[in-house]
file start-v3.cif (mmCIF, C-alpha atoms)
data_my_file
#
loop_
_atom_site.label_atom_id
_atom_site.label_comp_id
_atom_site.auth_asym_id
_atom_site.auth_seq_id
_atom_site.Cartn_x
_atom_site.Cartn_y
_atom_site.Cartn_z
CA MET A 722 -23.65 -57.29 11.03
CA THR A 723 -24.36 -60.02 13.55
CA SER A 724 -22.28 -59.15 16.60
CA ALA A 725 -22.43 -55.32 16.60
CA ALA A 726 -25.01 -53.69 18.83
CA PRO A 727 -27.87 -52.12 16.89
CA SER A 728 -27.12 -48.47 16.18
CA SER A 729 -29.74 -45.78 15.72
CA PRO A 730 -29.12 -42.27 14.37
CA GLU A 731 -29.85 -40.99 17.89
CA SER A 732 -27.22 -43.16 19.57
CA GLU A 733 -24.68 -42.25 16.86
CA ALA A 734 -25.35 -38.57 17.44
CA ALA A 735 -24.94 -39.10 21.18
CA ARG A 736 -21.63 -40.94 20.65
CA HIS A 737 -20.38 -38.12 18.41
CA ARG A 738 -21.39 -35.56 21.03
CA GLU A 739 -19.67 -37.44 23.83
CA LYS A 740 -16.46 -37.84 21.81
CA MET A 741 -16.43 -34.16 20.93
CA GLN A 742 -17.13 -33.13 24.55
CA LYS A 743 -14.01 -35.01 25.61
CA ARG A 744 -12.03 -33.42 22.81
CA LYS A 745 -13.27 -29.97 23.81
CA ALA A 746 -12.25 -30.54 27.44
CA VAL A 747 -8.71 -31.38 26.30
CA GLN A 748 -8.70 -28.35 24.00
CA ASP A 749 -9.95 -25.99 26.73
CA GLN A 750 -7.32 -27.23 29.14
CA GLU A 751 -4.61 -26.68 26.54
CA VAL A 752 -5.80 -23.13 25.87
CA ALA A 753 -5.98 -22.37 29.61
CA GLY A 754 -2.35 -23.45 29.97
CA LYS A 755 -1.18 -20.78 27.55
CA GLN A 756 -1.15 -17.37 29.11
CA ILE A 757 2.06 -15.78 27.93
CA GLU A 758 1.66 -12.93 25.45
CA LYS A 759 4.78 -11.83 23.68
CA GLY A 760 6.06 -10.79 20.32
CA LEU A 761 7.04 -13.84 18.30
CA LEU A 762 10.07 -14.40 16.15
CA MET A 763 8.73 -16.48 13.27
CA VAL A 764 10.66 -18.17 10.48
CA HIS A 765 9.18 -19.48 7.22
CA THR A 766 11.74 -21.66 5.49
CA GLY A 767 12.02 -24.73 3.27
CA PRO A 768 11.88 -25.30 -0.48
CA GLY A 769 8.08 -25.16 -0.77
CA LYS A 770 5.76 -22.35 -1.77
CA GLY A 771 4.06 -19.97 0.63
CA LYS A 772 6.92 -18.60 2.72
CA SER A 773 6.55 -14.96 1.65
CA THR A 774 2.86 -15.36 0.90
CA ALA A 775 2.13 -16.44 4.48
CA ALA A 776 4.21 -13.50 5.74
CA PHE A 777 2.00 -11.17 3.70
CA GLY A 778 -1.02 -12.95 5.15
CA LEU A 779 0.28 -12.02 8.62
CA ALA A 780 0.68 -8.42 7.43
CA LEU A 781 -2.92 -8.47 6.26
CA ARG A 782 -4.12 -9.71 9.66
CA THR A 783 -2.11 -7.08 11.46
CA VAL A 784 -3.46 -4.16 9.43
CA GLY A 785 -6.91 -5.68 9.93
CA TYR A 786 -6.47 -4.80 13.59
CA GLY A 787 -5.30 -1.29 12.71
CA ARG A 788 -1.71 -2.03 13.76
CA ARG A 789 1.45 -1.00 11.96
CA VAL A 790 3.58 -3.17 9.66
CA VAL A 791 6.99 -2.60 8.12
CA VAL A 792 7.97 -4.82 5.19
CA VAL A 793 11.60 -4.99 4.09
CA GLN A 794 12.38 -7.04 1.02
CA PHE A 795 16.03 -8.07 0.82
CA ILE A 796 15.99 -9.59 -2.66
CA LYS A 797 12.99 -8.30 -4.51
CA GLY A 798 13.56 -4.81 -5.84
CA ALA A 799 11.19 -2.38 -7.45
CA TRP A 800 9.11 -5.22 -8.85
CA ASP A 801 5.49 -4.52 -9.38
CA THR A 802 3.91 -7.17 -7.19
CA GLY A 803 0.32 -7.84 -6.22
CA GLU A 804 1.14 -7.76 -2.52
CA ARG A 805 2.71 -4.34 -2.86
CA ARG A 806 -0.19 -2.89 -4.80
CA ALA A 807 -2.69 -4.29 -2.29
CA LEU A 808 -0.81 -3.15 0.80
CA ASP A 809 -0.61 0.33 -0.74
CA ARG A 810 -4.28 0.60 0.12
CA PHE A 811 -3.17 0.57 3.77
CA ASP A 812 -0.54 3.27 3.37
CA ASP A 813 -1.53 4.69 6.77
CA LEU A 814 -0.37 1.43 8.35
CA VAL A 815 2.13 -0.23 6.03
CA GLU A 816 5.62 0.87 5.10
CA PHE A 817 6.90 -1.13 2.16
CA HIS A 818 10.63 -1.13 1.41
CA ALA A 819 11.66 -3.23 -1.57
CA LEU A 820 15.39 -2.68 -1.31
CA GLY A 821 16.80 -5.73 -3.06
CA GLU A 822 18.44 -5.68 -6.44
CA GLY A 823 16.99 -8.97 -7.62
CA PHE A 824 18.38 -12.42 -7.15
CA THR A 825 22.12 -12.61 -6.96
CA TRP A 826 22.31 -14.39 -10.32
CA GLU A 827 20.58 -11.38 -11.87
CA THR A 828 22.94 -8.71 -10.59
CA GLN A 829 26.11 -10.86 -10.93
CA ASP A 830 27.82 -8.34 -8.70
CA ARG A 831 28.52 -9.42 -5.13
CA ALA A 832 29.64 -6.00 -3.91
CA ARG A 833 26.42 -4.43 -5.14
CA ASP A 834 24.35 -7.19 -3.52
CA ILE A 835 26.06 -6.62 -0.20
CA ALA A 836 25.52 -2.87 -0.36
CA ALA A 837 21.82 -3.37 -1.13
CA CYS A 838 21.48 -5.82 1.80
CA GLN A 839 23.16 -3.43 4.19
CA GLN A 840 20.86 -0.62 3.17
CA ALA A 841 17.85 -2.90 3.68
CA TRP A 842 19.20 -3.97 7.06
CA ALA A 843 19.52 -0.35 8.19
CA VAL A 844 15.80 0.14 7.49
CA ALA A 845 14.97 -3.13 9.24
CA LYS A 846 16.95 -2.13 12.34
CA GLU A 847 14.98 1.07 12.62
CA ALA A 848 11.70 -0.85 12.51
CA LEU A 849 13.05 -3.34 15.10
CA SER A 850 13.61 -0.49 17.54
CA ASN A 851 10.21 1.16 17.07
CA PRO A 852 7.57 -0.03 19.56
CA ASP A 853 4.76 1.36 17.36
CA VAL A 854 5.51 -1.29 14.76
CA ALA A 855 3.49 -4.44 15.52
CA LEU A 856 4.98 -6.65 12.79
CA VAL A 857 8.27 -6.52 10.89
CA VAL A 858 8.39 -8.66 7.72
CA LEU A 859 11.96 -9.43 6.65
CA ASP A 860 11.35 -11.03 3.28
CA GLU A 861 14.17 -13.26 1.99
CA LEU A 862 16.48 -12.23 4.82
CA ASN A 863 17.55 -15.90 4.97
CA ILE A 864 19.10 -15.55 1.51
CA ALA A 865 21.15 -12.55 2.63
CA LEU A 866 22.30 -14.44 5.73
CA ARG A 867 23.12 -17.56 3.75
CA TYR A 868 25.46 -15.67 1.43
CA ASP A 869 26.99 -13.90 4.45
CA TYR A 870 25.89 -10.52 3.13
CA LEU A 871 25.02 -9.57 6.71
CA PRO A 872 26.56 -10.63 10.04
CA LEU A 873 24.23 -13.15 11.69
CA SER A 874 25.27 -12.10 15.19
CA GLU A 875 24.18 -8.52 14.56
CA VAL A 876 20.81 -9.68 13.20
CA LEU A 877 20.17 -11.94 16.21
CA ALA A 878 21.16 -9.15 18.62
CA ALA A 879 18.68 -6.75 17.00
CA PHE A 880 15.91 -9.38 17.28
CA ALA A 881 16.71 -9.97 20.96
CA ALA A 882 16.67 -6.23 21.74
CA ARG A 883 13.39 -5.42 19.95
CA PRO A 884 10.27 -4.15 21.80
CA PRO A 885 8.72 -7.09 23.72
CA GLY A 886 5.35 -7.11 21.96
CA GLN A 887 6.70 -6.88 18.41
CA HIS A 888 6.28 -9.79 16.01
CA VAL A 889 8.96 -10.51 13.40
CA VAL A 890 8.72 -12.87 10.46
CA VAL A 891 11.78 -13.91 8.47
CA THR A 892 11.39 -15.75 5.16
CA GLY A 893 13.62 -17.61 2.74
CA ARG A 894 15.15 -21.01 2.18
CA ASN A 895 17.96 -22.43 4.26
CA ALA A 896 17.38 -20.61 7.53
CA LYS A 897 20.53 -20.66 9.64
CA PRO A 898 20.43 -23.09 12.61
CA GLU A 899 21.17 -20.23 15.05
CA LEU A 900 18.10 -18.36 13.77
CA ILE A 901 15.93 -21.47 14.16
CA GLU A 902 17.27 -21.85 17.68
CA ALA A 903 16.34 -18.24 18.52
CA ALA A 904 12.87 -18.42 16.91
CA ASP A 905 9.55 -19.02 18.67
CA LEU A 906 7.81 -20.50 15.64
CA VAL A 907 9.42 -22.16 12.66
CA THR A 908 7.49 -23.53 9.70
CA GLU A 909 9.16 -25.48 6.94
CA MET A 910 7.26 -25.28 3.67
CA THR A 911 7.79 -28.59 1.89
CA LEU A 912 7.12 -28.95 -1.79
CA VAL A 913 4.87 -31.90 -2.43
CA LYS A 914 4.02 -31.07 -6.04
CA HIS A 915 4.79 -28.10 -8.26
CA HIS A 916 3.19 -26.91 -11.50
CA PHE A 917 6.55 -25.69 -12.89
CA LYS A 918 7.41 -29.37 -13.37
CA ASN A 919 4.60 -29.56 -15.92
CA GLY A 920 5.72 -26.54 -17.93
CA VAL A 921 3.34 -24.09 -16.30
CA ARG A 922 4.84 -20.62 -15.98
CA ALA A 923 4.94 -18.24 -13.00
CA GLN A 924 1.55 -16.62 -12.82
CA GLN A 925 0.07 -13.32 -11.71
CA GLY A 926 -1.59 -13.65 -8.34
CA VAL A 927 0.26 -16.85 -7.49
CA GLU A 928 3.98 -16.25 -7.85
CA PHE A 929 3.98 -12.47 -7.86
CA MET B 1231 48.16 -20.82 2.56
CA THR B 1232 51.09 -22.26 0.66
CA SER B 1233 49.54 -24.14 -2.26
CA ALA B 1234 46.49 -21.95 -3.12
CA ALA B 1235 46.84 -19.50 -5.99
CA PRO B 1236 46.95 -15.87 -4.85
CA SER B 1237 43.49 -14.37 -4.92
CA SER B 1238 42.74 -10.69 -5.37
CA PRO B 1239 39.38 -8.98 -4.73
CA GLU B 1240 39.17 -8.45 -8.51
CA SER B 1241 39.59 -12.12 -9.37
CA GLU B 1242 37.10 -13.10 -6.65
CA ALA B 1243 34.56 -10.67 -8.05
CA ALA B 1244 35.17 -12.07 -11.53
CA ARG B 1245 34.67 -15.64 -10.28
CA HIS B 1246 31.44 -14.65 -8.57
CA ARG B 1247 30.25 -12.98 -11.75
CA GLU B 1248 31.08 -16.00 -13.89
CA LYS B 1249 29.34 -18.41 -11.50
CA MET B 1250 26.24 -16.21 -11.41
CA GLN B 1251 26.22 -15.84 -15.21
CA LYS B 1252 26.08 -19.62 -15.52
CA ARG B 1253 23.35 -19.78 -12.94
CA LYS B 1254 21.37 -17.11 -14.76
CA ALA B 1255 21.64 -19.02 -18.05
CA VAL B 1256 20.15 -22.12 -16.39
CA GLN B 1257 17.44 -19.99 -14.81
CA ASP B 1258 16.54 -18.27 -18.08
CA GLN B 1259 16.31 -21.60 -19.88
CA GLU B 1260 14.02 -22.95 -17.17
CA VAL B 1261 11.73 -19.92 -17.40
CA ALA B 1262 11.63 -20.15 -21.21
CA GLY B 1263 10.47 -23.78 -20.93
CA LYS B 1264 7.36 -22.75 -19.01
CA GLN B 1265 4.74 -21.25 -21.25
CA ILE B 1266 1.47 -22.72 -20.06
CA GLU B 1267 -0.90 -20.33 -18.32
CA LYS B 1268 -3.77 -21.91 -16.48
CA GLY B 1269 -5.73 -21.65 -13.30
CA LEU B 1270 -4.04 -23.65 -10.57
CA LEU B 1271 -5.55 -25.97 -8.03
CA MET B 1272 -3.41 -25.38 -4.93
CA VAL B 1273 -3.46 -27.27 -1.64
CA HIS B 1274 -1.92 -26.08 1.64
CA THR B 1275 -1.82 -28.98 4.07
CA GLY B 1276 0.27 -30.41 6.91
CA PRO B 1277 0.39 -29.79 10.66
CA GLY B 1278 2.44 -26.56 10.45
CA LYS B 1279 1.35 -22.95 10.59
CA GLY B 1280 0.66 -20.78 7.56
CA LYS B 1281 -1.85 -22.81 5.57
CA SER B 1282 -4.71 -20.31 5.78
CA THR B 1283 -2.35 -17.38 6.17
CA ALA B 1284 -0.66 -18.13 2.85
CA ALA B 1285 -4.08 -18.49 1.23
CA PHE B 1286 -4.94 -14.99 2.48
CA GLY B 1287 -1.62 -13.81 1.09
CA LEU B 1288 -2.73 -15.11 -2.33
CA ALA B 1289 -6.01 -13.23 -1.89
CA LEU B 1290 -4.03 -10.07 -1.14
CA ARG B 1291 -1.96 -10.49 -4.33
CA THR B 1292 -5.05 -11.08 -6.41
CA VAL B 1293 -6.87 -7.97 -5.20
CA GLY B 1294 -3.60 -6.10 -5.76
CA TYR B 1295 -4.17 -6.75 -9.46
CA GLY B 1296 -7.79 -5.63 -9.21
CA ARG B 1297 -9.11 -9.14 -9.66
CA ARG B 1298 -11.98 -10.77 -7.78
CA VAL B 1299 -11.67 -13.20 -4.86
CA VAL B 1300 -14.27 -15.33 -3.10
CA VAL B 1301 -13.35 -16.70 0.34
CA VAL B 1302 -15.42 -19.52 1.85
CA GLN B 1303 -14.54 -20.60 5.37
CA PHE B 1304 -15.82 -24.08 6.18
CA ILE B 1305 -14.95 -24.14 9.88
CA LYS B 1306 -14.51 -20.60 11.08
CA GLY B 1307 -17.80 -18.88 11.68
CA ALA B 1308 -18.61 -15.30 12.49
CA TRP B 1309 -15.27 -14.84 14.20
CA ASP B 1310 -13.80 -11.41 14.14
CA THR B 1311 -10.50 -12.05 12.39
CA GLY B 1312 -7.81 -9.71 11.18
CA GLU B 1313 -7.92 -11.13 7.65
CA ARG B 1314 -11.63 -10.47 7.45
CA ARG B 1315 -11.36 -6.90 8.69
CA ALA B 1316 -8.52 -6.16 6.28
CA LEU B 1317 -10.16 -7.72 3.25
CA ASP B 1318 -13.28 -5.67 4.02
CA ARG B 1319 -11.28 -2.72 2.71
CA PHE B 1320 -11.51 -4.43 -0.70
CA ASP B 1321 -15.25 -5.00 -0.58
CA ASP B 1322 -15.47 -4.17 -4.28
CA LEU B 1323 -13.28 -7.21 -5.00
CA VAL B 1324 -13.63 -9.66 -2.12
CA GLU B 1325 -16.63 -11.70 -1.05
CA PHE B 1326 -16.08 -13.17 2.38
CA HIS B 1327 -18.30 -16.06 3.52
CA ALA B 1328 -17.53 -17.39 6.99
CA LEU B 1329 -20.07 -20.18 7.03
CA GLY B 1330 -18.62 -22.63 9.52
CA GLU B 1331 -19.98 -23.17 12.98
CA GLY B 1332 -16.61 -23.53 14.66
CA PHE B 1333 -14.53 -26.63 15.11
CA THR B 1334 -16.53 -29.80 15.37
CA TRP B 1335 -15.53 -30.21 19.03
CA GLU B 1336 -17.17 -26.84 19.70
CA THR B 1337 -20.56 -27.59 18.17
CA GLN B 1338 -20.65 -31.24 19.32
CA ASP B 1339 -23.43 -31.73 16.80
CA ARG B 1340 -22.56 -33.67 13.66
CA ALA B 1341 -25.85 -32.99 11.87
CA ARG B 1342 -25.41 -29.25 12.35
CA ASP B 1343 -21.79 -29.40 11.14
CA ILE B 1344 -22.87 -31.23 7.98
CA ALA B 1345 -25.63 -28.71 7.28
CA ALA B 1346 -23.17 -25.81 7.71
CA CYS B 1347 -20.68 -27.46 5.35
CA GLN B 1348 -23.29 -28.07 2.72
CA GLN B 1349 -24.38 -24.45 2.86
CA ALA B 1350 -20.75 -23.36 2.50
CA TRP B 1351 -20.25 -25.76 -0.39
CA ALA B 1352 -23.28 -24.30 -2.23
CA VAL B 1353 -21.61 -20.86 -2.07
CA ALA B 1354 -18.28 -22.35 -3.17
CA LYS B 1355 -19.88 -24.08 -6.16
CA GLU B 1356 -21.33 -20.79 -7.34
CA ALA B 1357 -17.89 -19.15 -7.19
CA LEU B 1358 -16.36 -22.14 -9.01
CA SER B 1359 -18.72 -21.60 -11.93
CA ASN B 1360 -18.16 -17.83 -12.20
CA PRO B 1361 -15.42 -16.86 -14.68
CA ASP B 1362 -15.19 -13.35 -13.15
CA VAL B 1363 -13.74 -14.84 -9.98
CA ALA B 1364 -9.93 -15.07 -10.27
CA LEU B 1365 -9.31 -16.90 -6.99
CA VAL B 1366 -11.50 -19.10 -4.80
CA VAL B 1367 -10.19 -19.67 -1.26
CA LEU B 1368 -11.73 -22.76 0.37
CA ASP B 1369 -10.45 -22.40 3.90
CA GLU B 1370 -10.41 -25.63 5.96
CA LEU B 1371 -12.24 -27.57 3.25
CA ASN B 1372 -9.87 -30.46 4.00
CA ILE B 1373 -11.43 -30.78 7.46
CA ALA B 1374 -14.92 -31.05 5.97
CA LEU B 1375 -13.69 -33.68 3.50
CA ARG B 1376 -11.87 -35.62 6.18
CA TYR B 1377 -14.99 -35.99 8.30
CA ASP B 1378 -16.97 -36.91 5.16
CA TYR B 1379 -19.22 -33.92 5.59
CA LEU B 1380 -19.10 -33.44 1.80
CA PRO B 1381 -18.74 -35.98 -1.02
CA LEU B 1382 -15.18 -35.80 -2.34
CA SER B 1383 -16.24 -36.85 -5.85
CA GLU B 1384 -18.58 -33.86 -6.12
CA VAL B 1385 -15.86 -31.48 -4.94
CA LEU B 1386 -13.33 -32.83 -7.46
CA ALA B 1387 -15.89 -32.66 -10.27
CA ALA B 1388 -16.60 -28.99 -9.49
CA PHE B 1389 -12.85 -28.23 -9.51
CA ALA B 1390 -12.41 -29.97 -12.87
CA ALA B 1391 -15.34 -28.09 -14.44
CA ARG B 1392 -14.34 -24.60 -13.25
CA PRO B 1393 -13.37 -21.76 -15.66
CA PRO B 1394 -9.88 -22.51 -17.09
CA GLY B 1395 -8.13 -19.40 -15.74
CA GLN B 1396 -9.49 -19.62 -12.21
CA HIS B 1397 -7.13 -20.35 -9.29
CA VAL B 1398 -8.38 -22.35 -6.31
CA VAL B 1399 -6.66 -22.81 -2.97
CA VAL B 1400 -7.79 -25.45 -0.47
CA THR B 1401 -6.45 -25.40 3.09
CA GLY B 1402 -6.48 -27.73 6.08
CA ARG B 1403 -4.65 -30.68 7.53
CA ASN B 1404 -4.89 -34.18 6.14
CA ALA B 1405 -5.67 -33.40 2.50
CA LYS B 1406 -7.20 -36.45 0.81
CA PRO B 1407 -4.84 -38.33 -1.54
CA GLU B 1408 -7.30 -37.90 -4.43
CA LEU B 1409 -7.20 -34.12 -3.95
CA ILE B 1410 -3.39 -34.12 -3.92
CA GLU B 1411 -3.46 -36.18 -7.09
CA ALA B 1412 -5.77 -33.64 -8.78
CA ALA B 1413 -3.80 -30.57 -7.59
CA ASP B 1414 -1.20 -28.58 -9.54
CA LEU B 1415 0.65 -27.33 -6.48
CA VAL B 1416 0.74 -28.90 -3.03
CA THR B 1417 2.63 -27.44 -0.10
CA GLU B 1418 2.95 -29.26 3.18
CA MET B 1419 3.49 -26.93 6.11
CA THR B 1420 5.69 -28.77 8.60
CA LEU B 1421 5.95 -27.64 12.18
CA VAL B 1422 9.56 -27.29 13.18
CA LYS B 1423 8.93 -25.39 16.40
CA HIS B 1424 5.83 -23.93 18.01
CA HIS B 1425 5.43 -21.31 20.70
CA PHE B 1426 2.35 -23.07 22.17
CA LYS B 1427 4.79 -25.67 23.51
CA ASN B 1428 6.29 -22.96 25.71
CA GLY B 1429 2.95 -21.81 27.15
CA VAL B 1430 2.53 -18.87 24.78
CA ARG B 1431 -1.11 -18.25 23.89
CA ALA B 1432 -2.77 -17.67 20.51
CA GLN B 1433 -2.12 -14.07 19.61
CA GLN B 1434 -3.83 -11.31 17.67
CA GLY B 1435 -2.21 -10.86 14.29
CA VAL B 1436 -0.61 -14.30 14.34
CA GLU B 1437 -3.27 -16.90 14.96
CA PHE B 1438 -6.34 -14.80 14.17
#

call {"tool": "encode", "arguments": {"input": "start-v3.cif", "output": "structure tokens"}}
result
Amino acid sequence: MTSAAPSSPESEAARHREKMQKRKAVQDQEVAGKQIEKGLLMVHTGPGKGKSTAAFGLALRTVGYGRRVVVVQFIKGAWDTGERRALDRFDDLVEFHALGEGFTWETQDRARDIAACQQAWAVAKEALSNPDVALVVLDELNIALRYDYLPLSEVLAAFAARPPGQHVVVTGRNAKPELIEAADLVTEMTLVKHHFKNGVRAQQGVEF
Amino acid sequence: MTSAAPSSPESEAARHREKMQKRKAVQDQEVAGKQIEKGLLMVHTGPGKGKSTAAFGLALRTVGYGRRVVVVQFIKGAWDTGERRALDRFDDLVEFHALGEGFTWETQDRARDIAACQQAWAVAKEALSNPDVALVVLDELNIALRYDYLPLSEVLAAFAARPPGQHVVVTGRNAKPELIEAADLVTEMTLVKHHFKNGVRAQQGVEF
């Protein structure tokens, strides 16, 4: 260290403070520029973990504020899941509809899958027209849309016509481009590393 | 349609069934190959949304099974968040420690940030040595590691020495490569589209 100016802990602290003051100014300006409040159409897609889990995290936040949530599961059926058991403790605020029949390779019956999806969609449509519902979780709807079990145009029309303050979150791999186009917020969950590769099984509290 | 074989609804249904039977066989074989049960070290990183939210979704699942969760927030302080209010309903199962002082550009005081992180880490270490805790959520720990507010080697050693069945989830952008290397499951949340870009502000139930 011959050419650098001598640095004391005090001057380092001052430099840190100055840098962070600038950063805060930028941050404050950004926040001030955002004034629109509206219900968001959110999509969690991609091959990684966390799509449904993050949707249940949003449900948790919403009930934390005493606001109502409707969950419709398009694939999962009457499975006994941790999220369901936990949200049951908020039965004044959460309606949980697990209307799927399992993955399509479990049922092996396309007609039955379509009927189950249509029933689930009827429940979803009701929630999407109810202004008392703050958040609608449409779990694995992307799977139903991908297999053309439901008409995409009808789904997009129901989203567009929903109460203005209502949030919607759609989960599942392979979100349709038209849905991504219509969405306010799209997150792709990318798998960097997965324990299944190392022979570890699906585990309580993580996968279900 | 001159060359295609005539197709009846029955034969289509049969083809679907056959395809799904094959798929199920592959699926069953994959599941049978996974027998290891162990606590997972999970990392949610990347610039997209849902890192902390998915971690709170895991907490929700865990309490759904009546198992204990400890949440340590390294950046968020005494903020009034939806996740906190909701998890308070499980105060028999969830310990919630919001020990941060805010983002580092809010405090503008590096020494204070480091002290807050070290206090949070002391609480985390206790949880990581308690076999009654099924899940430890270390929210925004990646930020603390990135700014070198905590020694990475000490954090990795505590993870390695934790009770074998205990799950840990670490959130925050810019996860260190050594942490990714040590992890069982890493998801990168990628931002495809964000409502902030269109002037929409952070909203109750979504961002906090």

call {"tool": "atom_distance", "arguments": {"input": "start-v3.cif", "atom1": "CA of Ile1344 in chain B", "atom2": "CA of Val747 in chain A"}}
result
23.2 Å

call {"tool": "closest_residue", "arguments": {"input": "start-v3.cif", "among": "A:Arg805, A:Arg782, A:Lys759, A:His818", "to": "chain B", "atoms": "only C-alpha atoms"}}
result
A:Arg782

call {"tool": "closest_residue", "arguments": {"input": "start-v3.cif", "among": "B:Phe1304, B:Phe1389, B:Trp1351, B:Tyr1377", "to": "chain A", "atoms": "only C-alpha atoms"}}
result
B:Tyr1377

call {"tool": "resolve_selection", "arguments": {"input": "start-v3.cif", "expression": "the PyMOL selection byres ((chain B and resi 1405) around 9)", "output": "MDAnalysis selection string"}}
result
chainID B and resid 1273:1276 1371:1373 1375:1376 1400:1404 1406:1410

call {"tool": "resolve_selection", "arguments": {"input": "start-v3.cif", "expression": "the PyMOL selection byres ((chain B and resi 1301) around 6)", "output": "number ranges by chain"}}
result
B: 1300, 1302, 1326-1327, 1366-1367

call {"tool": "atom_distance", "arguments": {"input": "start-v3.cif", "atom1": "CA of Tyr1295 in chain B", "atom2": "CA of Glu1437 in chain B"}}
result
26.5 Å

call {"tool": "residues_near_point", "arguments": {"input": "start-v3.cif", "point": "(5.4, -8.0, -7.5)", "cutoff": "12 Å", "atoms": "all atoms listed in the file", "output": "ChimeraX atom specification"}}
result
/A:773-774,794,796-808,817,819,823,923-929 /B:1288,1290-1292,1294-1295

call {"tool": "resolve_selection", "arguments": {"input": "start-v3.cif", "expression": "the PyMOL selection byres ((chain B and resi 1341) around 12)", "output": "PyMOL selection string"}}
result
(chain A and resi 730-731+733-735+737-738) or (chain B and resi 1331+1334+1337-1340+1342-1348+1377-1379)

call {"tool": "write_last_selection", "arguments": {"input": "start-v3.cif", "atoms": "C-alpha atoms", "output": "mmCIF file, in the frame of the given file"}}
result
data_model
loop_
_atom_site.group_PDB
_atom_site.id
_atom_site.type_symbol
_atom_site.label_atom_id
_atom_site.label_comp_id
_atom_site.auth_asym_id
_atom_site.auth_seq_id
_atom_site.Cartn_x
_atom_site.Cartn_y
_atom_site.Cartn_z
ATOM 1 C CA PRO A 730 -29.120 -42.270 14.370
ATOM 2 C CA GLU A 731 -29.850 -40.990 17.890
ATOM 3 C CA GLU A 733 -24.680 -42.250 16.860
ATOM 4 C CA ALA A 734 -25.350 -38.570 17.440
ATOM 5 C CA ALA A 735 -24.940 -39.100 21.180
ATOM 6 C CA HIS A 737 -20.380 -38.120 18.410
ATOM 7 C CA ARG A 738 -21.390 -35.560 21.030
ATOM 8 C CA GLU B 1331 -19.980 -23.170 12.980
ATOM 9 C CA THR B 1334 -16.530 -29.800 15.370
ATOM 10 C CA THR B 1337 -20.560 -27.590 18.170
ATOM 11 C CA GLN B 1338 -20.650 -31.240 19.320
ATOM 12 C CA ASP B 1339 -23.430 -31.730 16.800
ATOM 13 C CA ARG B 1340 -22.560 -33.670 13.660
ATOM 14 C CA ARG B 1342 -25.410 -29.250 12.350
ATOM 15 C CA ASP B 1343 -21.790 -29.400 11.140
ATOM 16 C CA ILE B 1344 -22.870 -31.230 7.980
ATOM 17 C CA ALA B 1345 -25.630 -28.710 7.280
ATOM 18 C CA ALA B 1346 -23.170 -25.810 7.710
ATOM 19 C CA CYS B 1347 -20.680 -27.460 5.350
ATOM 20 C CA GLN B 1348 -23.290 -28.070 2.720
ATOM 21 C CA TYR B 1377 -14.990 -35.990 8.300
ATOM 22 C CA ASP B 1378 -16.970 -36.910 5.160
ATOM 23 C CA TYR B 1379 -19.220 -33.920 5.590
#

call {"tool": "atom_distance", "arguments": {"input": "start-v3.cif", "atom1": "CA of Pro885 in chain A", "atom2": "CA of Ala1284 in chain B"}}
result
25.4 Å

call {"tool": "closest_residue", "arguments": {"input": "start-v3.cif", "among": "A:Met763, A:Ala878, A:Val784, A:Val854", "to": "chain B", "atoms": "all atoms listed in the file"}}
result
A:Val784

call {"tool": "closest_residue", "arguments": {"input": "start-v3.cif", "among": "A:Glu816, A:Ser874, A:Thr911, A:Val790", "to": "Gly778 in chain A", "atoms": "all atoms listed in the file"}}
result
A:Val790

call {"tool": "closest_residue", "arguments": {"input": "start-v3.cif", "among": "A:Leu871, A:Val876, A:Leu814, A:Ala881", "to": "Asp853 in chain A", "atoms": "all atoms listed in the file"}}
result
A:Leu814

call {"tool": "closest_residue", "arguments": {"input": "start-v3.cif", "among": "B:Arg1245, B:Lys1254, B:Lys1355, B:His1397", "to": "chain A", "atoms": "only C-alpha atoms"}}
result
B:Lys1254

call {"tool": "build_atoms", "arguments": {"input": "start-v3.cif", "residues": "range 1398-1405 of chain B", "atoms": "N, CA and C atoms", "output": "CSV table (one decimal), in the coordinates of the input"}}
result
chain,number,residue,atom,x,y,z
B,1398,VAL,N,-7.7,-21.9,-7.5
B,1398,VAL,CA,-8.4,-22.4,-6.3
B,1398,VAL,C,-7.3,-22.7,-5.3
B,1399,VAL,N,-7.6,-22.3,-4.0
B,1399,VAL,CA,-6.7,-22.8,-3.0
B,1399,VAL,C,-7.5,-23.4,-1.9
B,1400,VAL,N,-7.1,-24.7,-1.5
B,1400,VAL,CA,-7.8,-25.4,-0.5
B,1400,VAL,C,-6.8,-25.6,0.7
B,1401,THR,N,-7.3,-25.3,1.9
B,1401,THR,CA,-6.4,-25.4,3.1
B,1401,THR,C,-7.0,-26.4,4.1
B,1402,GLY,N,-6.1,-26.8,5.0
B,1402,GLY,CA,-6.5,-27.7,6.1
B,1402,GLY,C,-5.6,-28.9,6.1
B,1403,ARG,N,-5.5,-29.5,7.3
B,1403,ARG,CA,-4.6,-30.7,7.5
B,1403,ARG,C,-5.2,-31.9,6.8
B,1404,ASN,N,-4.4,-32.9,6.6
B,1404,ASN,CA,-4.9,-34.2,6.1
B,1404,ASN,C,-5.6,-34.1,4.8
B,1405,ALA,N,-5.1,-33.4,3.8
B,1405,ALA,CA,-5.7,-33.4,2.5
B,1405,ALA,C,-5.8,-34.8,2.0
